[in-house]
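A.B. asks: Have a look at this one before I ask anything.
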Amino acid sequence: MEENKTLYTVSASPHAKNSTGVTGVMLDVIIALLPAGIMGAVTFGLRALAVIGVCVGSAVLFEFLYTKIMKKPTTLGDLSAVVTGLLLAYNLPVGIPFWMCVIGSFAAIVVVKQFFGGLGQNFANPAITARIVLLVSFAGAMTAYPASVLPDAVTGATPLGVLGTLPAKEAAAQIGAWTANGELPTLTQMAFGIRGGCIGEVCGAALLLGGLYLLIRRVINWRIPVCYLGTVAVFMLIASGFDLTYTAYELLSGGLLLGAIFMATDYTTSPINKTGKLVFGIGCGLLTCVIRLYGSLPEGVSYSILLMNILTPLIEKATMPKYFGKTKKKKAKEGKAA
Amino acid sequence: MAHIRTDALLKAVKKGKGGIHAPYHKITAEKETVRIPAPEFVTLPMLQHIGAPCTPTVKKGDYVCVGQVIGDSDKFLSVPIHASVSGTVESVQDVKLANGTMAPAVKIKNDGEMKLWEGIVPPVVNNKEDLVKAIRASGLVGLGGAGFPSFVKLTVSDDKPIDTLVVNAAECEPYITVDYRECIENSWDIYSGVKTLQELLSLKKVVIAVEDNKPAAIAVLKSIAAKDDSVFVMGLKSRYPQGAEKMMVLSATGRTVPEGKLPADVGVIVMNVASVAFVARYLKTGKPLTSRSVTVSGDCVKEPMNVRVPIGTSLRDIVDFCGGFTQEPAKLISGGPMMGTAITSLDVPLLKSNNAVLALSAKNAGLKKETACIRCGRCHEACPMNLIPTNIEKYALKGDAETLASMGTMVCMECGSCAYSCPAGKPLVQYMRLAKSIVKEAAKK
């Protein structure tokens with residue numbers, strides 16, 4: 001009976017679990033975000049790294065302070081605050097004053113995330129909401145997009161700002177002239193980040209690389225990014241009278257790739273089921289196109305994702321998956337009972 | 001005909017969704033089953049099956065022989081319990097079972113004779129009714145782990161025509177290899193059982209389904225059934241929970257068992273491969289279920305192996321036979337790691353439905369700290385029933401029975417794929433059990 005001294009662990013089945021943890025998932029997202037950040041620093045100079053540093057640092061600090069003050073267990077280890085800080089920095093122009101970054105982090109971590117219950121409980125994407133808070137509060141600083149420090153870079157307005165001056169069909173016809181006189185970057189420059197914009201959104205190639213990594217690691221699923229980008233592509237093709245160049249510009253400009261790959265796929269604020277993900281992606285795409293083409297704002301990614309975030313619970317409810325063996329007869333019975 | 005069968009039909013008819021790919025850990029697969037010496041004492045609980053417990057039919061001091069009935073019940077959902085050694089009844093009292101419940105049990109002191117009861121004669125079976133009666137008398141329960149009385153499965157009314165028998169040899173749980181060894185060592189028993197059941201139940205088709213990570217078992221069974229046009233050996237994709245009854249029916253026949261129904265409702269009977277082999281042996285010898293094979297495995301067991309053990313042997317005797325522990329385990333499990341029960345002590349008797357005893361170190365015991373749900377959806381992706389476990393958890397904590405029922409909570413079979421996949425280490429199976437009990441409670445009102 002000496003063995004009775006040993007206490008064995010008793011818990012509900014299963015007694016095997018895979019090794020992926022929340023920290024691992026977040027680490028994957030951070031790794032996937034790195035190329036875009038590096039390209040941001042290449043494009044805009046070392047100040048980009050400083051902005052990223054301030055955003056990440058203040059996000060982590062706010063998370064730490066909040067849990068300390070509220071006497072909650074510290075959650076820094078899950079790295080979600082780092083991801084939020086990175087995404088926020090990627091959505092800011094390089095010239096933004098550092099104190100604004102800190103306000104943005106506060107809005108993201110404390111107001112949007114922690115006030116609603118912390119990780120997994122927020123109804124909207126913290127980084128996107130913080131960007132919108134800053135955009136509304138400091139419109140000047142938030143839309144002052146410095147040109148790339150790289151040689152041959154186009155100075156002046158952002159590509160979307162240029163394209164938005166004319167209706168889609170006319171803009172499509174003008175692209176050649178704009179690139180020739182240096183008002184618009186070439187498509188290659190667009191793809192590799194030699195253009196004005198926010199720190200993390202300029203290099204399409206780096207963002208796609210990150211997206212590929214997340215897909216391979218099965219951190220994200222193809223449904224939201226593909227539906228989002230696909231909807232924008234189809235909409236813009238039709239709007240421009242099937243002009244491929246114009247569509248490519250639309251796909252590469254603004255924060256579309258950053259939004260579609262990293263922000264719209266945020267677990268907490270997008271539907272969990274497959275059909276819901278399709279609806280969510282298409283919804284984001286449609287809203288983005290409508291805002292870009294018919295709204296007074298040049299850019300619509302943040303607003304579209306925020307709006308779809310709010311609709312997420314409804315989408316999920318409307319697209320409940322059919323579980324195994326579910327029968328129609330059963331439904332009718334339930335109807336009678338009710 | 002033969003070429004069609006081997007090429008087209010051997011693949012799964014329809015693939016189920018979800019599931020997980022857990023490491024197999026089938027370390028005992030290539031070791032021959034060893035019969036362990038009968039222990040000094042066996043303890044035979046009166047509840048070794050799903051259903052009504054038996055009442056002991058012997059008292060302290062009685063002399064019993066192997067195969068003698070020592071407990072029976074007049075309820076429908078019950079099977080008799082037989083002595084697994086010969087000797088004197090030491091006591092009849094309540095004991096604690098592996099899952100924590102108490103049940104009356106007959107403890108027998110083994111006299112070492114292993115004397116067979118004189119009443120043992122091969123049953124005379126000429127039709128379905130005889131078969132059902134004989135199987136009940138044999139004390140057979142599903143040997144795959146659930147412990148459902150087998151004769152009940154075969155008792156189907158005539159308005160539910162059964163055309164297919166699926167012999168479940170998937171063995172999708174990690175570590176366990178008893179069914180695999182059964183296929184290798186007793187393949188002729190399996191085939192003989194299959195043919196008997198097919199004839200008596202007038203079944204058109206029999207599918208023996210094995211996961212494709214056991215090519216040796218598939219090869220052996222195929223060679224035996226090669227000339228038989230109605231017995232198909234099917235290799236299924238190795239994906240847990242392939243061996244779950246509803247998954248099995250879908251994979252082997254392409255039929256979906258509706259919510260709240262049984263495989264019989266779609267014309268299928270599913271039986272574990274070891275149960276089928278036992279049926280063949282029982283009909284030949286008349287010796288009831290008094291012993292079974294068990295996988296003793298895990299990274300803390302000195303000599304992991306499959307052993308043939310008299311039912312009622314204490315798990316401690318079994319583990320001691322396998323050399324004991326190399327290191328103090330963090331978790332002891334009766335059954336497989338996915339659906340087995342964590343036990344507090346080895347001093348519990350082996351039941352008819354126990355197919356494994358595992359001793360795992362902390363590293364392999366699935367000890368993950370619980371953190372907040374990030375709604376990543378991995379539980380939903382893993383769910384073979386296409387449920388959304390994290391949402392069910394939410395409504396279970398609210399106690400919302402109506403929403404829970406509409407979400408399909410009751411089709412959950414607690415396979416554990418959700419909790420296995422959860423990066424936040426949530427005990428989702430526990431929440432599913434809570435949700436199911438809420439729905440059941442509400443239905444009673």
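Labels used: A, B, ... for chains in the order of the structure tokens, numbers from 1 for residues in each chain, and numbers from 1 for ligands as shown.
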Which chain A residues have any atom within 6 Å of an atom of chain B, and for each, what is the nearest pair of atoms with distance in Å to one decimal, counting only C-alpha atoms, rows sorted by chain and number, as a Markdown table?
C.D. replies:
| residue | atom | partner | partner_atom | distance |
| --- | --- | --- | --- | --- |
| A:Tyr8 | CA | B:Lys331 | CA | 5.4 |
| A:Thr9 | CA | B:Lys331 | CA | 5.2 |
| A:Val10 | CA | B:Ala342 | CA | 5.1 |
| A:Ser13 | CA | B:Met339 | CA | 5.5 |
| A:Pro14 | CA | B:Met338 | CA | 4.1 |
| A:His15 | CA | B:Pro337 | CA | 4.7 |
| A:Ala16 | CA | B:Gly366 | CA | 4.1 |
| A:Lys17 | CA | B:Tyr420 | CA | 4.2 |
| A:Asn18 | CA | B:Tyr420 | CA | 5.8 |
| A:Thr20 | CA | B:Pro423 | CA | 5.3 |
| A:Gly21 | CA | B:Pro423 | CA | 4.1 |
| A:Val22 | CA | B:Pro423 | CA | 5.2 |
| A:Gly120 | CA | B:Ile374 | CA | 4.3 |
| A:Tyr267 | CA | B:Cys376 | CA | 5.0 |
| A:Thr268 | CA | B:Arg375 | CA | 5.3 |
| A:Ile272 | CA | B:Gly377 | CA | 5.3 |
| A:Tyr323 | CA | B:Asn386 | CA | 4.8 |
| A:Phe324 | CA | B:Met385 | CA | 4.6 |
| A:Gly325 | CA | B:Pro258 | CA | 3.9 |
| A:Lys326 | CA | B:Glu259 | CA | 5.6 |
A.B. asks: Residues at most 9 Å from B:Val64, counting only C-alpha atoms, excluding those fewer than 2 positions away in the same chain, as a list in words?
C.D. replies: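 So, after excluding close chain neighbours, the residues are Val58, Asp62, Val66, Gly67, Gln68, Val69, Ile70, Ala83, Val85, Ser86, Gly87, Thr88, Val89, Ile108, Lys115 and Trp117 of chain B.
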A.B. asks: How would the residues just chosen look if you wrote them out with N, CA, C and O atoms as a CSV table (one decimal), in the first residue's frame?
C.D. replies:
chain,number,residue,atom,x,y,z
B,58,VAL,N,-23.5,-15.9,-6.0
B,58,VAL,CA,-22.7,-16.7,-5.1
B,58,VAL,C,-22.5,-16.0,-3.8
B,58,VAL,O,-22.8,-14.8,-3.7
B,62,ASP,N,-18.4,-20.0,-1.2
B,62,ASP,CA,-18.7,-20.9,-2.3
B,62,ASP,C,-17.5,-21.3,-3.1
B,62,ASP,O,-16.6,-20.5,-3.3
B,66,VAL,N,-13.9,-21.8,-13.4
B,66,VAL,CA,-13.8,-20.8,-14.5
B,66,VAL,C,-15.0,-21.0,-15.4
B,66,VAL,O,-15.4,-22.0,-15.9
B,67,GLY,N,-15.7,-19.8,-15.7
B,67,GLY,CA,-16.8,-19.8,-16.6
B,67,GLY,C,-18.1,-20.0,-15.9
B,67,GLY,O,-19.2,-19.9,-16.6
B,68,GLN,N,-18.1,-20.2,-14.6
B,68,GLN,CA,-19.4,-20.3,-13.9
B,68,GLN,C,-20.0,-18.9,-13.7
B,68,GLN,O,-19.3,-18.0,-13.4
B,69,VAL,N,-21.3,-18.8,-13.8
B,69,VAL,CA,-22.0,-17.6,-13.6
B,69,VAL,C,-22.0,-17.2,-12.2
B,69,VAL,O,-22.3,-18.0,-11.3
B,70,ILE,N,-21.5,-16.0,-11.9
B,70,ILE,CA,-21.5,-15.6,-10.5
B,70,ILE,C,-22.3,-14.3,-10.2
B,70,ILE,O,-22.5,-13.8,-9.1
B,83,ALA,N,-17.0,-16.3,-13.4
B,83,ALA,CA,-15.8,-16.4,-12.7
B,83,ALA,C,-14.6,-16.6,-13.7
B,83,ALA,O,-14.8,-17.3,-14.7
B,85,VAL,N,-11.4,-17.4,-12.6
B,85,VAL,CA,-10.4,-18.4,-12.1
B,85,VAL,C,-11.3,-19.3,-11.2
B,85,VAL,O,-12.4,-19.1,-11.0
B,86,SER,N,-10.7,-20.5,-10.9
B,86,SER,CA,-11.4,-21.4,-10.0
B,86,SER,C,-10.9,-21.1,-8.6
B,86,SER,O,-9.7,-20.8,-8.4
B,87,GLY,N,-11.8,-21.3,-7.6
B,87,GLY,CA,-11.4,-21.1,-6.2
B,87,GLY,C,-12.6,-20.7,-5.4
B,87,GLY,O,-13.7,-20.9,-5.7
B,88,THR,N,-12.3,-20.2,-4.2
B,88,THR,CA,-13.3,-20.0,-3.2
B,88,THR,C,-13.6,-18.5,-3.2
B,88,THR,O,-12.7,-17.6,-3.3
B,89,VAL,N,-14.9,-18.2,-3.0
B,89,VAL,CA,-15.3,-16.8,-2.9
B,89,VAL,C,-14.9,-16.3,-1.6
B,89,VAL,O,-15.2,-16.7,-0.5
B,108,ILE,N,-12.5,-13.6,-5.6
B,108,ILE,CA,-12.3,-15.0,-5.6
B,108,ILE,C,-10.8,-15.3,-5.3
B,108,ILE,O,-9.9,-14.7,-5.9
B,115,LYS,N,-9.9,-24.7,-12.9
B,115,LYS,CA,-10.8,-25.8,-13.3
B,115,LYS,C,-12.0,-25.2,-14.1
B,115,LYS,O,-12.6,-24.3,-13.6
B,117,TRP,N,-15.6,-25.0,-15.5
B,117,TRP,CA,-17.0,-25.3,-15.0
B,117,TRP,C,-17.6,-26.4,-15.8
B,117,TRP,O,-17.5,-26.4,-17.1
A.B. asks: What's around A:Gly210 at 8 Å? Count only C-alpha atoms, leave out sequence neighbours fewer than 2 positions away in its own chain, and write the answer as a PyMOL selection string.
C.D. replies: chain A and resi 31-36+206-208+212-214
A.B. asks: Within 12 Å of A:Leu92, counting only C-alpha atoms, which residues qualify if same-chain residues fewer than 4 places away don't, as number ranges by chain?
C.D. replies: A: 37, 40, 44, 47-52, 54-55, 85-88, 96-98, 100-102, 104-105, 127-128, 130-135, 138-139, 141-146, 196-202, 254-255, 302
A.B. asks: Can you list every residue in stretch 199-414 of chain B that DSSP puts in strand (DSSP E), as a ChimeraX atom specification?
C.D. replies: /B:205-211,231-236,268-272,291-297,305-310,331-334,341-343,356-360
A.B. asks: Work out how far apart atom CA of B:Cys322 and atom CA of B:Val296 are and give it in Å to one decimal.
C.D. replies: 7.5 Å
A.B. asks: With only C-alpha atoms as the basis for distance, which of A:Ile224, A:Ala124, A:Ala205, A:Leu46 is at the shortest distance from A:Gly95?
C.D. replies: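 Closest residue, counting only C-alpha atoms: A:Leu46.
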A.B. asks: When DSSP works through the backbone of this structure, what residues of stretch 123-220 of chain B end up as alpha helix (DSSP H), shown as a PyMOL selection string?
C.D. replies: chain B and resi 128-137+150-154+178-185+187-200+215-220
A.B. asks: With distances taken over only C-alpha atoms, which residue among A:Leu257, A:Leu160, A:Leu237, A:Ile175 lies nearest A:Leu297?
C.D. replies: A:Leu160
A.B. asks: List the neighbours of A:Leu251 out to 8 Å using only C-alpha atoms; skip same-chain residues closer than 3 positions along the sequence, and give me the result as a PyMOL selection string.
C.D. replies: chain A and resi 229+232-233+247-248+256-257
A.B. asks: What does the structure give for the distance between atom CA of B:Glu245 and atom CA of B:Leu434, in Å to one decimal?
C.D. replies: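 Atom-to-atom, atom CA of B:Glu245 and atom CA of B:Leu434 are spaced 22.3 Å apart.
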A.B. asks: Which residues are close to B:Pro149, i.e. within 10 Å by only C-alpha atoms, leaving aside same-chain residues fewer than 3 positions away? Reply as a PyMOL selection string.
C.D. replies: chain B and resi 48-51+76-80+135-136+139-143+146+152-154
A.B. asks: Dump all heavy atoms for the selected residues as a compact mmCIF listing (two decimals), in the first residue's frame?
C.D. replies:
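Result written to result08.txt:
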# COMPACT_ATOMS: atom_id res chain seq x y z
N GLN B 48 -19.94 -4.29 -15.30
CA GLN B 48 -18.82 -4.22 -16.25
C GLN B 48 -19.32 -3.85 -17.62
O GLN B 48 -18.66 -4.03 -18.62
CB GLN B 48 -18.10 -5.57 -16.32
CG GLN B 48 -17.59 -6.02 -14.97
CD GLN B 48 -16.52 -7.09 -15.12
OE1 GLN B 48 -15.80 -7.12 -16.10
NE2 GLN B 48 -16.43 -7.96 -14.14
N HIS B 49 -20.55 -3.35 -17.68
CA HIS B 49 -21.15 -3.06 -18.97
C HIS B 49 -22.03 -1.83 -18.81
O HIS B 49 -22.33 -1.41 -17.70
CB HIS B 49 -22.01 -4.25 -19.40
CG HIS B 49 -22.90 -4.76 -18.29
ND1 HIS B 49 -22.56 -5.86 -17.54
CD2 HIS B 49 -24.04 -4.29 -17.78
CE1 HIS B 49 -23.48 -6.06 -16.61
NE2 HIS B 49 -24.39 -5.11 -16.73
N ILE B 50 -22.46 -1.26 -19.93
CA ILE B 50 -23.42 -0.17 -19.87
C ILE B 50 -24.78 -0.82 -19.61
O ILE B 50 -25.17 -1.73 -20.33
CB ILE B 50 -23.43 0.60 -21.21
CG1 ILE B 50 -22.12 1.36 -21.36
CG2 ILE B 50 -24.61 1.55 -21.28
CD1 ILE B 50 -21.95 2.05 -22.68
N GLY B 51 -25.48 -0.39 -18.59
CA GLY B 51 -26.79 -0.96 -18.31
C GLY B 51 -26.97 -1.26 -16.84
O GLY B 51 -26.32 -0.66 -15.98
N PHE B 76 -33.24 -6.11 -19.07
CA PHE B 76 -32.87 -6.37 -20.47
C PHE B 76 -31.41 -5.97 -20.74
O PHE B 76 -30.64 -6.76 -21.28
CB PHE B 76 -33.80 -5.61 -21.41
CG PHE B 76 -33.38 -5.68 -22.84
CD1 PHE B 76 -33.46 -6.89 -23.54
CD2 PHE B 76 -32.87 -4.57 -23.50
CE1 PHE B 76 -33.06 -6.98 -24.86
CE2 PHE B 76 -32.46 -4.66 -24.83
CZ PHE B 76 -32.56 -5.86 -25.50
N LEU B 77 -31.06 -4.73 -20.35
CA LEU B 77 -29.74 -4.22 -20.70
C LEU B 77 -28.71 -4.66 -19.67
O LEU B 77 -28.30 -3.91 -18.80
CB LEU B 77 -29.78 -2.69 -20.79
CG LEU B 77 -28.61 -2.03 -21.52
CD1 LEU B 77 -28.49 -2.51 -22.94
CD2 LEU B 77 -28.74 -0.52 -21.49
N SER B 78 -28.31 -5.92 -19.75
CA SER B 78 -27.35 -6.46 -18.80
C SER B 78 -26.84 -7.78 -19.33
O SER B 78 -27.51 -8.44 -20.13
CB SER B 78 -28.05 -6.67 -17.45
OG SER B 78 -27.10 -6.98 -16.47
N VAL B 79 -25.64 -8.16 -18.90
CA VAL B 79 -25.11 -9.48 -19.28
C VAL B 79 -24.53 -10.14 -18.03
O VAL B 79 -24.08 -9.45 -17.11
CB VAL B 79 -24.01 -9.38 -20.36
CG1 VAL B 79 -24.59 -9.07 -21.70
CG2 VAL B 79 -22.95 -8.37 -19.98
N PRO B 80 -24.52 -11.47 -17.99
CA PRO B 80 -24.01 -12.14 -16.80
C PRO B 80 -22.50 -11.97 -16.65
O PRO B 80 -21.79 -11.68 -17.60
CB PRO B 80 -24.37 -13.61 -17.04
CG PRO B 80 -24.59 -13.74 -18.50
CD PRO B 80 -25.07 -12.41 -18.98
N ILE B 135 -25.15 -15.22 -27.21
CA ILE B 135 -24.20 -14.11 -27.00
C ILE B 135 -24.45 -13.45 -25.65
O ILE B 135 -23.53 -13.05 -24.96
CB ILE B 135 -24.33 -13.08 -28.14
CG1 ILE B 135 -24.12 -13.73 -29.48
CG2 ILE B 135 -23.41 -11.89 -27.91
CD1 ILE B 135 -22.82 -13.57 -30.13
N ARG B 136 -25.73 -13.39 -25.27
CA ARG B 136 -26.02 -12.83 -23.95
C ARG B 136 -25.39 -13.73 -22.87
O ARG B 136 -24.72 -13.25 -21.96
CB ARG B 136 -27.52 -12.70 -23.70
CG ARG B 136 -27.79 -11.99 -22.38
CD ARG B 136 -29.25 -11.98 -21.96
NE ARG B 136 -29.40 -11.19 -20.75
CZ ARG B 136 -29.13 -11.62 -19.52
NH1 ARG B 136 -28.68 -12.85 -19.37
NH2 ARG B 136 -29.28 -10.85 -18.47
N GLY B 139 -21.74 -13.42 -21.92
CA GLY B 139 -21.27 -12.27 -21.15
C GLY B 139 -20.53 -11.25 -21.98
O GLY B 139 -19.85 -10.38 -21.45
N LEU B 140 -20.65 -11.35 -23.31
CA LEU B 140 -19.86 -10.47 -24.18
C LEU B 140 -20.37 -9.02 -24.15
O LEU B 140 -21.56 -8.76 -24.27
CB LEU B 140 -19.90 -11.00 -25.62
CG LEU B 140 -19.11 -10.19 -26.65
CD1 LEU B 140 -17.62 -10.19 -26.34
CD2 LEU B 140 -19.35 -10.70 -28.06
N VAL B 141 -19.43 -8.12 -23.96
CA VAL B 141 -19.70 -6.69 -24.16
C VAL B 141 -18.71 -6.21 -25.21
O VAL B 141 -17.75 -6.91 -25.51
CB VAL B 141 -19.53 -5.87 -22.86
CG1 VAL B 141 -20.46 -6.37 -21.77
CG2 VAL B 141 -18.09 -5.88 -22.38
N GLY B 142 -18.97 -5.03 -25.78
CA GLY B 142 -18.06 -4.49 -26.79
C GLY B 142 -16.66 -4.41 -26.21
O GLY B 142 -16.43 -3.73 -25.21
N LEU B 143 -15.71 -5.10 -26.84
CA LEU B 143 -14.37 -5.16 -26.26
C LEU B 143 -13.52 -3.96 -26.65
O LEU B 143 -12.38 -3.81 -26.24
CB LEU B 143 -13.67 -6.46 -26.68
CG LEU B 143 -14.35 -7.74 -26.17
CD1 LEU B 143 -13.65 -8.97 -26.71
CD2 LEU B 143 -14.38 -7.79 -24.65
N ALA B 146 -16.23 0.62 -25.03
CA ALA B 146 -17.48 1.21 -24.55
C ALA B 146 -18.20 0.29 -23.58
O ALA B 146 -18.85 0.74 -22.64
CB ALA B 146 -18.38 1.54 -25.73
N VAL B 152 -27.37 -6.93 -27.43
CA VAL B 152 -28.37 -5.89 -27.70
C VAL B 152 -28.22 -5.37 -29.13
O VAL B 152 -29.19 -5.12 -29.83
CB VAL B 152 -28.25 -4.75 -26.68
CG1 VAL B 152 -29.28 -3.66 -26.96
CG2 VAL B 152 -28.41 -5.28 -25.26
N LYS B 153 -26.96 -5.25 -29.57
CA LYS B 153 -26.70 -4.78 -30.93
C LYS B 153 -27.33 -5.73 -31.95
O LYS B 153 -27.78 -5.31 -33.01
CB LYS B 153 -25.20 -4.74 -31.20
CG LYS B 153 -24.53 -3.51 -30.69
CD LYS B 153 -23.12 -3.45 -31.24
CE LYS B 153 -22.39 -2.28 -30.63
NZ LYS B 153 -21.02 -2.18 -31.11
N LEU B 154 -27.29 -7.02 -31.61
CA LEU B 154 -27.79 -8.01 -32.57
C LEU B 154 -29.30 -8.18 -32.48
O LEU B 154 -29.92 -8.76 -33.36
CB LEU B 154 -27.11 -9.36 -32.31
CG LEU B 154 -25.58 -9.33 -32.35
CD1 LEU B 154 -25.01 -10.68 -32.00
CD2 LEU B 154 -25.09 -8.88 -33.71
A.B. asks: Have a look at atom CA of A:Pro93 and atom CA of A:Val149 and let me know their distance in Å, one decimal.
C.D. replies: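 Atom-to-atom, atom CA of A:Pro93 and atom CA of A:Val149 are spaced 13.3 Å apart.
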A.B. asks: Considering only C-alpha atoms, state which residue in the set A:Gly295, A:Gly118, A:Gly285, A:Gly24 is at the smallest distance from A:Glu63.
C.D. replies: A:Gly118
A.B. asks: So which residues touch A:Cys284 within 7 Å, counting only C-alpha atoms, skipping near sequence neighbours fewer than 6 positions away, as a list in words?
C.D. replies: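 Result of the neighbour search: Tyr228, Ser304, Ile305 and Met308 of chain A.
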